[in-house]
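Peer 1: I'm passing along final-v8.cif; it holds mmCIF, C-alpha atoms and all ligand atoms.
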data_my_file
loop_
_atom_site.label_atom_id
_atom_site.label_comp_id
_atom_site.auth_asym_id
_atom_site.auth_seq_id
_atom_site.Cartn_x
_atom_site.Cartn_y
_atom_site.Cartn_z
CA ASN A 27 -64.72 -98.12 -22.52
CA THR A 28 -62.91 -95.33 -24.14
CA ALA A 29 -59.32 -96.38 -23.99
CA THR A 30 -57.24 -98.99 -25.61
CA ALA A 31 -57.39 -102.30 -23.87
CA GLY A 32 -58.78 -105.42 -25.41
CA VAL A 33 -58.65 -109.02 -24.40
CA VAL A 34 -55.03 -109.16 -25.28
CA SER A 35 -53.25 -107.33 -22.56
CA SER A 36 -52.00 -103.84 -23.02
CA VAL A 37 -49.83 -104.72 -20.04
CA ALA A 38 -46.54 -106.29 -20.96
CA ALA A 39 -46.35 -109.86 -19.73
CA THR A 40 -42.99 -109.16 -18.16
CA ASP A 41 -44.32 -106.45 -15.88
CA ALA A 42 -44.15 -107.67 -12.33
CA PRO A 43 -47.55 -107.73 -10.69
CA LYS A 44 -48.08 -105.35 -7.79
CA SER A 45 -48.08 -107.37 -4.63
CA VAL A 46 -51.25 -106.91 -2.63
CA SER A 47 -51.34 -107.75 1.05
CA GLY A 48 -53.86 -110.36 2.05
CA TYR A 49 -54.31 -111.47 -1.54
CA ILE A 50 -55.42 -115.10 -1.76
CA LYS A 51 -53.75 -117.24 -4.40
CA ASP A 52 -55.93 -119.88 -6.04
CA PRO A 53 -59.04 -119.05 -3.97
CA GLN A 54 -61.29 -122.01 -3.24
CA ILE A 55 -64.44 -120.25 -2.11
CA LEU A 56 -66.40 -117.39 -3.59
CA LYS A 57 -65.89 -115.13 -0.62
CA ASP A 58 -62.11 -115.25 -1.15
CA VAL A 59 -62.58 -114.57 -4.86
CA LEU A 60 -64.53 -111.42 -4.01
CA ILE A 61 -61.94 -110.38 -1.43
CA ASN A 62 -59.27 -110.68 -4.12
CA ALA A 63 -61.27 -108.58 -6.53
CA LYS A 64 -61.75 -105.89 -3.95
CA LYS A 65 -58.05 -105.81 -3.23
CA ILE A 66 -56.93 -105.41 -6.81
CA MET A 67 -59.56 -102.95 -7.99
CA ASP A 68 -58.73 -99.34 -7.24
CA THR A 69 -62.36 -98.43 -7.61
CA CYS A 70 -64.05 -101.47 -6.25
CA ALA A 71 -67.77 -102.09 -6.10
CA ALA A 72 -67.50 -104.48 -3.19
CA CYS A 73 -70.02 -103.21 -0.66
CA ASP A 74 -70.62 -106.37 1.31
CA ILE A 75 -68.11 -109.05 0.60
CA SER A 76 -69.16 -111.08 3.60
CA GLY A 77 -72.72 -111.50 2.40
CA ALA A 78 -73.94 -112.32 -1.05
CA GLY A 79 -71.42 -109.92 -2.54
CA ARG A 80 -74.04 -107.31 -3.13
CA CYS A 81 -73.13 -103.94 -4.51
CA ASN A 82 -75.40 -101.01 -3.81
CA GLY A 83 -73.17 -98.23 -5.07
CA LYS A 84 -73.19 -96.56 -1.69
CA GLY A 85 -70.73 -98.57 0.29
CA SER A 86 -67.13 -98.67 1.30
CA CYS A 87 -65.95 -98.17 -2.28
CA GLY A 88 -66.48 -94.45 -1.75
CA GLU A 89 -69.30 -94.48 -4.25
CA THR A 90 -66.93 -95.20 -7.07
CA VAL A 91 -68.45 -98.29 -8.60
CA PRO A 92 -66.14 -99.14 -11.47
CA GLY A 93 -66.72 -97.06 -14.50
CA MET A 94 -69.79 -95.47 -13.01
CA GLY A 95 -69.44 -91.96 -14.28
CA GLY A 96 -72.20 -89.45 -13.79
CA LYS A 97 -74.11 -89.31 -10.55
CA ARG A 98 -74.65 -93.06 -10.19
CA LYS A 99 -78.40 -92.57 -9.81
CA SER A 100 -79.38 -94.94 -12.62
CA PHE A 101 -77.19 -97.66 -11.18
CA VAL A 102 -78.62 -97.28 -7.67
CA ARG A 103 -82.16 -97.28 -9.08
CA ASN A 104 -81.48 -100.62 -10.76
CA ILE A 105 -80.42 -102.14 -7.44
CA GLU A 106 -83.25 -100.55 -5.47
CA ALA A 107 -85.89 -101.68 -7.95
CA PHE A 108 -85.03 -105.30 -7.18
CA GLU A 109 -84.95 -104.60 -3.46
CA GLU A 110 -88.43 -103.07 -3.57
CA MET A 111 -89.88 -106.25 -5.05
CA SER A 112 -90.96 -109.06 -2.71
CA LEU A 113 -91.38 -112.71 -3.60
CA LYS A 114 -94.49 -114.55 -2.47
CA LEU A 115 -93.35 -117.35 -0.15
CA GLN A 116 -95.40 -120.48 -0.80
CA THR A 117 -94.31 -124.01 -0.03
CA VAL A 118 -97.47 -126.10 0.10
CA HIS A 119 -96.86 -127.85 -3.23
CA THR A 120 -94.85 -130.68 -4.76
CA ILE A 121 -92.13 -128.75 -6.60
CA SER A 122 -88.73 -129.80 -5.26
CA GLN A 123 -86.69 -129.98 -8.46
CA PRO A 124 -87.66 -127.04 -10.63
CA LYS A 125 -86.40 -126.79 -14.19
CA THR A 126 -83.93 -124.01 -14.95
CA GLU A 127 -82.90 -124.88 -18.52
CA ILE A 128 -83.82 -122.63 -21.43
CA GLU A 129 -83.02 -122.38 -25.09
CA LEU A 130 -81.94 -118.92 -26.14
CA LEU A 131 -81.75 -118.25 -29.87
CA GLY A 132 -80.87 -121.87 -30.51
CA VAL A 133 -78.41 -122.25 -27.62
CA LYS A 134 -79.26 -124.47 -24.67
CA LEU A 135 -78.44 -122.89 -21.29
CA SER A 136 -78.41 -124.61 -17.90
CA SER A 137 -80.02 -121.53 -16.37
CA PRO A 138 -81.35 -118.26 -17.79
CA ILE A 139 -78.20 -116.35 -16.94
CA LEU A 140 -75.51 -114.85 -19.13
CA THR A 141 -72.54 -112.82 -18.02
CA GLY A 142 -72.73 -109.08 -18.47
CA ILE A 143 -70.71 -107.56 -21.29
CA THR A 144 -67.72 -106.04 -19.56
CA GLY A 145 -64.09 -105.40 -20.32
CA GLY A 146 -61.26 -102.96 -19.84
CA LEU A 147 -59.54 -103.87 -16.60
CA THR A 148 -56.89 -101.26 -17.20
CA TYR A 149 -59.20 -98.31 -17.74
CA ASN A 150 -62.46 -99.48 -16.10
CA MET A 151 -61.34 -101.47 -13.13
CA GLY A 152 -57.99 -100.13 -11.98
CA ALA A 153 -56.58 -103.63 -12.20
CA ALA A 154 -53.59 -103.10 -14.49
CA ASN A 155 -50.38 -104.69 -13.24
CA LYS A 156 -52.14 -106.25 -10.32
CA LEU A 157 -51.94 -109.81 -9.13
CA ALA A 158 -54.16 -112.40 -10.73
CA PHE A 159 -55.63 -115.46 -9.02
CA ASP A 160 -52.64 -117.48 -10.28
CA GLY A 161 -50.11 -115.18 -8.61
CA GLU A 162 -49.04 -113.73 -11.98
CA THR A 163 -50.00 -110.42 -13.57
CA MET A 164 -53.68 -109.83 -14.26
CA THR A 165 -54.31 -109.28 -17.96
CA GLU A 166 -57.29 -108.52 -20.17
CA GLU A 167 -56.93 -111.96 -21.68
CA LYS A 168 -57.15 -113.70 -18.31
CA TYR A 169 -60.13 -111.56 -17.46
CA ALA A 170 -61.97 -112.42 -20.68
CA ARG A 171 -61.07 -116.08 -20.40
CA GLY A 172 -62.52 -116.14 -16.89
CA ILE A 173 -65.80 -114.74 -18.17
CA ILE A 174 -66.05 -116.87 -21.30
CA GLU A 175 -64.66 -120.19 -20.08
CA GLY A 176 -66.28 -119.86 -16.66
CA ALA A 177 -69.68 -119.31 -18.27
CA ALA A 178 -69.22 -122.11 -20.81
CA ASN A 179 -68.19 -124.56 -18.10
CA SER A 180 -71.35 -123.59 -16.22
CA GLY A 181 -73.52 -124.42 -19.22
CA CYS A 182 -74.22 -120.72 -19.77
CA LEU A 183 -72.87 -118.02 -22.06
CA GLY A 184 -70.18 -115.38 -21.59
CA TRP A 185 -69.63 -112.28 -23.68
CA ALA A 186 -66.51 -110.85 -25.25
CA ALA A 187 -66.74 -107.06 -25.14
CA ASP A 188 -65.64 -104.52 -27.75
CA GLY A 189 -63.87 -101.42 -26.41
CA ILE A 190 -64.37 -98.27 -28.47
CA GLY A 191 -60.66 -97.69 -28.75
CA ASP A 192 -59.83 -101.25 -29.71
CA PRO A 193 -58.16 -101.53 -33.08
CA LEU A 194 -59.29 -104.32 -35.38
CA GLU A 195 -56.21 -106.39 -34.54
CA THR A 196 -57.11 -106.38 -30.87
CA PHE A 197 -60.67 -107.34 -31.72
CA LYS A 198 -59.40 -110.25 -33.81
CA ARG A 199 -57.26 -111.57 -31.00
CA ARG A 200 -60.20 -111.32 -28.62
CA MET A 201 -62.30 -113.30 -31.07
CA ALA A 202 -59.66 -116.02 -30.96
CA VAL A 203 -60.79 -116.67 -27.37
CA VAL A 204 -64.42 -116.83 -28.53
CA SER A 205 -63.35 -119.25 -31.24
CA GLU A 206 -62.02 -121.71 -28.65
CA PHE A 207 -65.53 -122.05 -27.29
CA ARG A 208 -67.33 -122.27 -30.62
CA GLY A 209 -71.03 -121.95 -30.11
CA ARG A 210 -70.64 -121.34 -26.40
CA ALA A 211 -69.33 -117.77 -26.38
CA VAL A 212 -70.87 -114.62 -27.76
CA ALA A 213 -69.53 -111.27 -28.86
CA GLN A 214 -70.54 -107.64 -28.74
CA ILE A 215 -69.71 -104.88 -31.20
CA LYS A 216 -69.87 -101.17 -30.43
CA PRO A 217 -72.32 -99.07 -32.49
CA ARG A 218 -69.55 -98.12 -34.89
CA THR A 219 -70.10 -97.03 -38.49
CA GLN A 220 -71.99 -99.59 -40.54
CA LYS A 221 -68.85 -100.50 -42.49
CA GLU A 222 -66.87 -101.13 -39.32
CA ILE A 223 -69.71 -103.16 -37.81
CA PHE A 224 -69.86 -105.38 -40.89
CA GLU A 225 -66.09 -105.85 -40.80
CA ARG A 226 -66.24 -107.01 -37.19
CA LEU A 227 -69.36 -109.03 -37.75
CA ASP A 228 -67.58 -111.09 -40.42
CA ILE A 229 -65.04 -112.06 -37.78
CA VAL A 230 -67.68 -112.77 -35.12
CA GLN A 231 -69.45 -115.10 -37.54
CA ASP A 232 -66.20 -116.82 -38.53
CA VAL A 233 -65.41 -117.72 -34.93
CA GLY A 234 -68.76 -119.42 -34.49
CA ALA A 235 -70.59 -117.07 -32.13
CA PRO A 236 -74.26 -118.13 -32.19
CA PHE A 237 -75.44 -114.52 -31.91
CA PHE A 238 -74.04 -111.04 -31.29
CA ALA A 239 -75.06 -107.82 -29.61
CA ILE A 240 -74.58 -104.14 -30.32
CA ASP A 241 -74.85 -101.87 -27.30
CA VAL A 242 -76.76 -99.16 -29.11
CA ASP A 243 -76.79 -97.15 -25.87
CA SER A 244 -73.07 -96.49 -26.29
CA ALA A 245 -73.99 -93.93 -28.94
CA GLY A 246 -73.51 -91.06 -26.51
CA ARG A 247 -69.83 -91.75 -26.52
CA ALA A 248 -69.78 -90.23 -29.99
CA ALA A 249 -69.32 -86.95 -28.17
CA ARG A 250 -65.95 -88.15 -26.90
CA ALA A 251 -64.95 -90.22 -29.90
CA LEU A 252 -61.53 -89.79 -31.36
CA PRO A 253 -61.12 -89.42 -35.12
CA GLY A 254 -61.64 -92.82 -36.73
CA LYS A 255 -63.24 -94.21 -33.59
CA THR A 256 -66.79 -93.23 -34.30
CA VAL A 257 -69.91 -94.58 -32.65
CA GLU A 258 -73.35 -93.39 -33.67
CA PRO A 259 -77.05 -93.84 -32.94
CA LYS A 260 -78.76 -96.38 -35.17
CA ASP A 261 -82.10 -95.53 -36.76
CA LEU A 262 -84.56 -98.10 -38.08
CA LYS A 263 -82.91 -98.13 -41.52
CA LYS A 264 -79.50 -98.87 -40.06
CA LEU A 265 -80.86 -101.52 -37.71
CA LYS A 266 -82.45 -103.23 -40.72
CA GLU A 267 -79.19 -103.05 -42.66
CA ILE A 268 -77.40 -104.83 -39.81
CA VAL A 269 -80.11 -107.48 -39.57
CA ASN A 270 -79.92 -108.05 -43.32
CA TYR A 271 -76.14 -108.28 -43.33
CA ALA A 272 -75.96 -110.67 -40.35
CA LYS A 273 -76.19 -114.42 -40.72
CA ILE A 274 -76.71 -114.83 -36.98
CA PRO A 275 -79.29 -113.15 -34.70
CA PHE A 276 -78.61 -109.54 -33.74
CA ILE A 277 -79.40 -108.46 -30.19
CA ALA A 278 -79.92 -104.74 -29.62
CA LYS A 279 -78.67 -103.90 -26.14
CA GLY A 280 -79.63 -100.75 -24.28
CA ILE A 281 -83.35 -100.54 -25.05
CA MET A 282 -85.37 -98.65 -22.43
CA THR A 283 -88.68 -97.74 -24.11
CA PRO A 284 -91.55 -99.72 -25.67
CA GLU A 285 -91.30 -97.58 -28.81
CA GLU A 286 -87.67 -98.48 -29.45
CA ALA A 287 -88.28 -102.13 -28.55
CA LEU A 288 -90.94 -102.19 -31.26
CA MET A 289 -88.56 -100.61 -33.75
CA CYS A 290 -85.99 -103.31 -32.98
CA ALA A 291 -88.65 -105.95 -33.50
CA GLU A 292 -89.72 -104.34 -36.75
CA ALA A 293 -86.11 -104.25 -37.89
CA GLY A 294 -85.90 -108.01 -37.32
CA CYS A 295 -83.61 -108.08 -34.27
CA GLY A 296 -83.43 -111.53 -32.71
CA SER A 297 -83.70 -110.12 -29.21
CA ILE A 298 -83.22 -107.01 -27.12
CA VAL A 299 -81.51 -106.35 -23.81
CA VAL A 300 -83.48 -103.95 -21.65
CA SER A 301 -80.51 -102.13 -20.19
CA ASN A 302 -79.25 -98.73 -19.09
CA HIS A 303 -75.66 -99.98 -19.41
CA GLY A 304 -75.51 -100.55 -15.67
CA GLY A 305 -76.01 -96.82 -15.17
CA ARG A 306 -72.81 -95.94 -16.97
CA VAL A 307 -74.08 -93.94 -19.92
CA LEU A 308 -76.75 -91.60 -18.56
CA SER A 309 -77.05 -90.64 -14.91
CA SER A 310 -80.80 -90.30 -14.68
CA THR A 311 -82.60 -93.17 -16.32
CA PRO A 312 -85.32 -95.27 -14.69
CA ALA A 313 -84.42 -98.67 -13.30
CA THR A 314 -84.48 -101.39 -15.93
CA MET A 315 -87.02 -103.35 -13.88
CA HIS A 316 -89.32 -100.33 -13.94
CA VAL A 317 -89.43 -100.22 -17.74
CA LEU A 318 -89.33 -103.96 -18.43
CA PRO A 319 -93.09 -104.68 -17.97
CA SER A 320 -94.22 -102.02 -20.46
CA ILE A 321 -91.67 -103.23 -23.00
CA VAL A 322 -92.77 -106.84 -22.60
CA LYS A 323 -96.41 -105.81 -22.96
CA ALA A 324 -95.79 -103.74 -26.09
CA LEU A 325 -93.93 -106.56 -27.83
CA ARG A 326 -96.28 -109.36 -26.81
CA ASP A 327 -99.44 -107.33 -27.54
CA ARG A 328 -98.23 -107.01 -31.12
CA GLY A 329 -97.38 -110.68 -31.40
CA TYR A 330 -93.58 -110.45 -31.29
CA LYS A 331 -92.20 -113.61 -29.70
CA MET A 332 -88.51 -112.68 -29.53
CA PRO A 333 -86.75 -113.41 -26.24
CA ILE A 334 -86.42 -110.37 -24.01
CA LEU A 335 -83.30 -110.01 -21.89
CA VAL A 336 -82.64 -107.56 -19.07
CA ASP A 337 -79.67 -106.42 -17.03
CA GLY A 338 -78.73 -103.92 -14.34
CA GLY A 339 -78.65 -104.71 -10.65
CA VAL A 340 -79.21 -108.47 -10.81
CA ARG A 341 -77.36 -109.59 -7.70
CA ASP A 342 -78.72 -112.99 -6.71
CA GLY A 343 -80.92 -115.86 -7.83
CA GLY A 344 -84.00 -114.21 -6.34
CA ASP A 345 -83.41 -111.20 -8.58
CA VAL A 346 -83.20 -113.53 -11.58
CA LEU A 347 -86.60 -114.96 -10.67
CA LYS A 348 -88.07 -111.47 -10.26
CA ALA A 349 -86.87 -110.51 -13.75
CA LEU A 350 -88.43 -113.67 -15.19
CA ALA A 351 -91.69 -112.92 -13.38
CA TYR A 352 -91.69 -109.51 -15.06
CA GLY A 353 -91.48 -111.18 -18.45
CA ALA A 354 -87.77 -111.53 -19.25
CA GLN A 355 -86.52 -114.83 -20.65
CA ALA A 356 -82.97 -114.41 -19.30
CA VAL A 357 -80.74 -111.93 -17.49
CA LEU A 358 -77.21 -110.63 -17.88
CA VAL A 359 -75.17 -110.30 -14.69
CA GLY A 360 -72.51 -107.59 -14.93
CA ARG A 361 -70.46 -106.56 -11.93
CA PRO A 362 -70.81 -109.76 -9.88
CA MET A 363 -69.34 -111.77 -12.78
CA LEU A 364 -66.76 -109.07 -13.37
CA ARG A 365 -65.54 -109.35 -9.79
CA ALA A 366 -65.55 -113.12 -9.94
CA SER A 367 -63.31 -113.14 -12.99
CA LEU A 368 -60.97 -110.53 -11.57
CA GLY A 369 -60.57 -112.31 -8.26
CA GLY A 370 -60.73 -115.93 -9.34
CA GLY A 371 -60.62 -116.31 -13.13
CA VAL A 372 -62.44 -119.27 -14.67
CA LYS A 373 -62.98 -120.92 -11.30
CA GLY A 374 -64.24 -117.69 -9.77
CA VAL A 375 -66.83 -117.25 -12.50
CA GLU A 376 -67.88 -120.90 -12.18
CA MET A 377 -68.39 -120.36 -8.44
CA GLN A 378 -70.44 -117.24 -9.11
CA PHE A 379 -72.64 -119.06 -11.64
CA ALA A 380 -73.08 -121.92 -9.16
CA ARG A 381 -74.18 -119.48 -6.46
CA PHE A 382 -76.71 -117.82 -8.77
CA HIS A 383 -78.01 -121.22 -9.88
CA THR A 384 -78.39 -122.54 -6.33
CA GLU A 385 -80.19 -119.37 -5.24
CA LEU A 386 -82.44 -119.47 -8.29
CA VAL A 387 -83.47 -123.08 -7.61
CA SER A 388 -84.04 -122.33 -3.96
CA SER A 389 -86.14 -119.25 -4.80
CA MET A 390 -88.21 -121.31 -7.23
CA VAL A 391 -88.93 -123.99 -4.63
CA LEU A 392 -89.86 -121.32 -2.10
CA THR A 393 -92.25 -119.59 -4.49
CA GLY A 394 -93.68 -122.72 -6.08
CA VAL A 395 -92.28 -122.16 -9.58
CA ALA A 396 -91.72 -125.38 -11.52
CA ASP A 397 -90.05 -124.06 -14.66
CA VAL A 398 -88.16 -120.85 -15.49
CA ARG A 399 -89.97 -120.78 -18.84
CA ASN A 400 -93.29 -120.25 -17.12
CA VAL A 401 -93.08 -117.91 -14.15
CA ASP A 402 -96.35 -116.58 -12.83
CA PRO A 403 -96.07 -112.76 -12.46
CA SER A 404 -98.13 -112.94 -9.28
CA ILE A 405 -95.16 -114.37 -7.34
CA VAL A 406 -93.82 -110.80 -7.23
CA MET A 407 -95.39 -108.22 -4.97
CA GLN A 408 -94.35 -104.60 -4.63
CA GLU A 409 -93.55 -103.59 -1.08
CA VAL A 410 -96.16 -101.28 0.39
C1 LIG B 1 -66.58 -102.14 -16.11
C2 LIG B 1 -67.74 -102.27 -17.05
C3 LIG B 1 -67.53 -102.31 -18.43
C4 LIG B 1 -68.60 -102.43 -19.32
N1 LIG B 1 -68.36 -102.52 -20.67
C5 LIG B 1 -69.40 -102.72 -21.51
C6 LIG B 1 -69.19 -102.92 -22.91
O1 LIG B 1 -68.07 -102.90 -23.41
N2 LIG B 1 -70.28 -103.16 -23.68
C7 LIG B 1 -71.55 -103.23 -23.18
O2 LIG B 1 -72.51 -103.48 -23.92
N3 LIG B 1 -71.77 -103.01 -21.87
C8 LIG B 1 -70.74 -102.78 -21.04
N4 LIG B 1 -70.98 -102.61 -19.69
C9 LIG B 1 -72.38 -102.66 -19.21
C10 LIG B 1 -72.77 -104.10 -18.88
O3 LIG B 1 -72.81 -104.89 -20.03
C11 LIG B 1 -74.12 -104.24 -18.23
O4 LIG B 1 -75.09 -103.57 -18.99
C12 LIG B 1 -74.15 -103.71 -16.79
O5 LIG B 1 -72.91 -103.91 -16.14
C13 LIG B 1 -75.26 -104.45 -16.05
O6 LIG B 1 -75.40 -103.94 -14.77
P1 LIG B 1 -74.80 -104.66 -13.45
O7 LIG B 1 -73.32 -104.46 -13.50
O8 LIG B 1 -75.46 -103.89 -12.37
O9 LIG B 1 -75.19 -106.11 -13.48
C14 LIG B 1 -69.92 -102.48 -18.80
C15 LIG B 1 -70.13 -102.45 -17.41
C16 LIG B 1 -69.06 -102.33 -16.53
C17 LIG B 1 -69.33 -102.30 -15.05
#
Write the structure described by the file as structure tokens, please.
Ligand SMILES: Cc1cc2nc3c(=O)[nH]c(=O)nc-3n(C[C@H](O)[C@H](O)[C@H](O)COP(=O)(O)O)c2cc1C
Peer 2:
Amino acid sequence: NTATAGVVSSVAATDAPKSVSGYIKDPQILKDVLINAKKIMDTCAACDISGAGRCNGKGSCGETVPGMGGKRKSFVRNIEAFEEMSLKLQTVHTISQPKTEIELLGVKLSSPILTGITGGLTYNMGAANKLAFDGETMTEEKYARGIIEGAANSGCLGWAADGIGDPLETFKRRMAVVSEFRGRAVAQIKPRTQKEIFERLDIVQDVGAPFFAIDVDSAGRAARALPGKTVEPKDLKKLKEIVNYAKIPFIAKGIMTPEEALMCAEAGCGSIVVSNHGGRVLSSTPATMHVLPSIVKALRDRGYKMPILVDGGVRDGGDVLKALAYGAQAVLVGRPMLRASLGGGVKGVEMQFARFHTELVSSMVLTGVADVRNVDPSIVMQEV
């Protein structure tokens, strides 16, 4: 996320969209939404658009999952970790209508799913000047609206992202979209200097976001930062300063070790996202699902009750259930939501949420889980 785009388009509205053959206007089914996304993304992650829309980073996209960078190993590990896990099929019980609702930091969600934090269709997705679902030009604003409104309409939460190169004005305009969905849209801030974080946090709080995240794992981009566009690692002291400044819960995103999870808890963070940034920041990290159990254990053993979120490679409702069985309270879904918004806007994201929800319910019935807030770890078995 190094360039300039924000929610407000860096593409002039008058630019004619590039026509794309076979593009489906106003798609009515998810498959067509995903086809659209594949057609407009130069570097598309669409490996299997006919199935569940799974992306394994190895497919027909020529191994160029959007914004992958590096050697893609971390990303593939995330996907494979879920594939290696099996769910225990058990149907001799009475559970036919399992409960999927949770409350996350004071916000009620219809299922334990948030969108991933993604943005930058011009520089991350190759979708500048391409057709949108409405037959007009695709813009950052349409993209963000798809994510945020689509999630809100699904009873879940969508994130507005912060691009490193985004000037404050762009950030403010993006927050105007969040403001429309007061209480039902959340915002992320890059690990900028403390002063810049506080400046953006004031705005995030003004627009009514119930909580915010900082992707602390974007710190490596400091090496490429332009003057005045600084990101930096955050030590315990700085984490505490942010917690103390904030009037809403602060989620630290990009935590991959028990030690750092404990530091976030000690700092007073409201939550963490166990994440390797979808494999985009460091090529050789473990899968998020491989580190999640030790992080959960470390926090719970010391009595910390904060919700624990996870992302990276969540591709269907069964994966959501696996993450919950490993101790997460909710997941973030990145690329599948990204593609849904690109190919179908608000409606596309609603369809994607509906698919995840249906699959989650079905997986719960088939494993005998009555409530997402209480998932027995023994429903997951490692393949032997
Ligand atoms: C195109 C793209 C842009 C992203 N931009 C951001 C960002 O601005 N901030 C952030 O915290 N994470 C960002 N991420 C990482 C996601 O929030 C998330 O961690 C990751 O996509 C989850 O993995 P998944 O795509 O396999 O579900 C981005 C990911 C992608 C694919």
Peer 1: With all atoms listed in the file counted, collect every polymer residue having an atom within 8 Å of ligand LIG 1 (chain B); state the result as a PyMOL selection string.
Peer 2: chain A and resi 27+91-94+101+104-105+142-147+150-151+187-190+214-216+239-244+279-280+301-306+337-341+358-362+364
Peer 1: Would you mind reading off the distance between atom CA of A:Asn155 and atom CA of A:Ile174, one decimal, in Å?
Peer 2: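 Atom-to-atom, atom CA of A:Asn155 to atom CA of A:Ile174, that is 21.4 Å.
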Peer 1: Between A:Leu265, A:Ala354, A:Ile405, A:Val375, which is the closest to A:Ser389 once you count only C-alpha atoms?
Peer 2: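 Counting only C-alpha atoms, the residue closest to A:Ser389 is A:Ile405.
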Peer 1: Using all atoms listed in the file, can you tell me which of A:Arg103, A:Lys331, A:His316, A:Lys264 comes closest to A:Ala291?
Peer 2: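 Answer, going by the shortest atom-to-atom distance: A:Lys331.
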Peer 1: Between atom CA of A:Ile298 and atom CA of A:Arg326, what is the distance in Å, rounded to a tenth?
Peer 2: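 So the two atoms, atom CA of A:Ile298 and atom CA of A:Arg326, lie 13.3 Å apart.
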Peer 1: For A:Thr117, which residue out of A:Met390, A:Met289, A:Ile61, A:Arg328 is the nearest one, using only C-alpha atoms?
Peer 2: A:Met390
Peer 1: Please rebuild stretch 339-355 of chain A with N, CA and C atoms and return the result as a PDB file, keeping the file's coordinate frame.
Peer 2:
ATOM      1  N   GLY A 339     -78.289-104.510 -12.049  1.00  0.00           N
ATOM      2  CA  GLY A 339     -78.650-104.710 -10.650  1.00  0.00           C
ATOM      3  C   GLY A 339     -79.050-106.119 -10.274  1.00  0.00           C
ATOM      4  N   VAL A 340     -78.893-107.077 -11.161  1.00  0.00           N
ATOM      5  CA  VAL A 340     -79.210-108.470 -10.810  1.00  0.00           C
ATOM      6  C   VAL A 340     -78.089-108.983  -9.901  1.00  0.00           C
ATOM      7  N   ARG A 341     -78.415-109.259  -8.661  1.00  0.00           N
ATOM      8  CA  ARG A 341     -77.360-109.590  -7.700  1.00  0.00           C
ATOM      9  C   ARG A 341     -77.487-110.961  -7.058  1.00  0.00           C
ATOM     10  N   ASP A 342     -78.607-111.632  -7.232  1.00  0.00           N
ATOM     11  CA  ASP A 342     -78.720-112.990  -6.710  1.00  0.00           C
ATOM     12  C   ASP A 342     -79.806-113.748  -7.474  1.00  0.00           C
ATOM     13  N   GLY A 343     -79.958-115.029  -7.115  1.00  0.00           N
ATOM     14  CA  GLY A 343     -80.920-115.860  -7.830  1.00  0.00           C
ATOM     15  C   GLY A 343     -82.349-115.379  -7.676  1.00  0.00           C
ATOM     16  N   GLY A 344     -82.660-114.767  -6.545  1.00  0.00           N
ATOM     17  CA  GLY A 344     -84.000-114.210  -6.340  1.00  0.00           C
ATOM     18  C   GLY A 344     -84.265-113.086  -7.329  1.00  0.00           C
ATOM     19  N   ASP A 345     -83.251-112.274  -7.586  1.00  0.00           N
ATOM     20  CA  ASP A 345     -83.410-111.200  -8.580  1.00  0.00           C
ATOM     21  C   ASP A 345     -83.660-111.784  -9.969  1.00  0.00           C
ATOM     22  N   VAL A 346     -82.982-112.890 -10.268  1.00  0.00           N
ATOM     23  CA  VAL A 346     -83.200-113.530 -11.580  1.00  0.00           C
ATOM     24  C   VAL A 346     -84.673-113.911 -11.698  1.00  0.00           C
ATOM     25  N   LEU A 347     -85.196-114.526 -10.647  1.00  0.00           N
ATOM     26  CA  LEU A 347     -86.600-114.960 -10.670  1.00  0.00           C
ATOM     27  C   LEU A 347     -87.549-113.766 -10.810  1.00  0.00           C
ATOM     28  N   LYS A 348     -87.238-112.676 -10.140  1.00  0.00           N
ATOM     29  CA  LYS A 348     -88.070-111.470 -10.260  1.00  0.00           C
ATOM     30  C   LYS A 348     -88.098-110.968 -11.711  1.00  0.00           C
ATOM     31  N   ALA A 349     -86.937-110.972 -12.353  1.00  0.00           N
ATOM     32  CA  ALA A 349     -86.870-110.510 -13.750  1.00  0.00           C
ATOM     33  C   ALA A 349     -87.698-111.419 -14.644  1.00  0.00           C
ATOM     34  N   LEU A 350     -87.644-112.727 -14.384  1.00  0.00           N
ATOM     35  CA  LEU A 350     -88.430-113.670 -15.190  1.00  0.00           C
ATOM     36  C   LEU A 350     -89.926-113.439 -14.951  1.00  0.00           C
ATOM     37  N   ALA A 351     -90.279-113.157 -13.692  1.00  0.00           N
ATOM     38  CA  ALA A 351     -91.690-112.920 -13.380  1.00  0.00           C
ATOM     39  C   ALA A 351     -92.203-111.666 -14.100  1.00  0.00           C
ATOM     40  N   TYR A 352     -91.310-110.729 -14.342  1.00  0.00           N
ATOM     41  CA  TYR A 352     -91.690-109.510 -15.060  1.00  0.00           C
ATOM     42  C   TYR A 352     -91.650-109.680 -16.579  1.00  0.00           C
ATOM     43  N   GLY A 353     -91.351-110.901 -17.016  1.00  0.00           N
ATOM     44  CA  GLY A 353     -91.480-111.180 -18.450  1.00  0.00           C
ATOM     45  C   GLY A 353     -90.182-111.351 -19.221  1.00  0.00           C
ATOM     46  N   ALA A 354     -89.028-111.283 -18.532  1.00  0.00           N
ATOM     47  CA  ALA A 354     -87.770-111.530 -19.250  1.00  0.00           C
ATOM     48  C   ALA A 354     -87.565-113.030 -19.423  1.00  0.00           C
ATOM     49  N   GLN A 355     -86.840-113.410 -20.469  1.00  0.00           N
ATOM     50  CA  GLN A 355     -86.520-114.830 -20.650  1.00  0.00           C
ATOM     51  C   GLN A 355     -85.153-115.165 -20.048  1.00  0.00           C
TER      52      GLN A 355
END
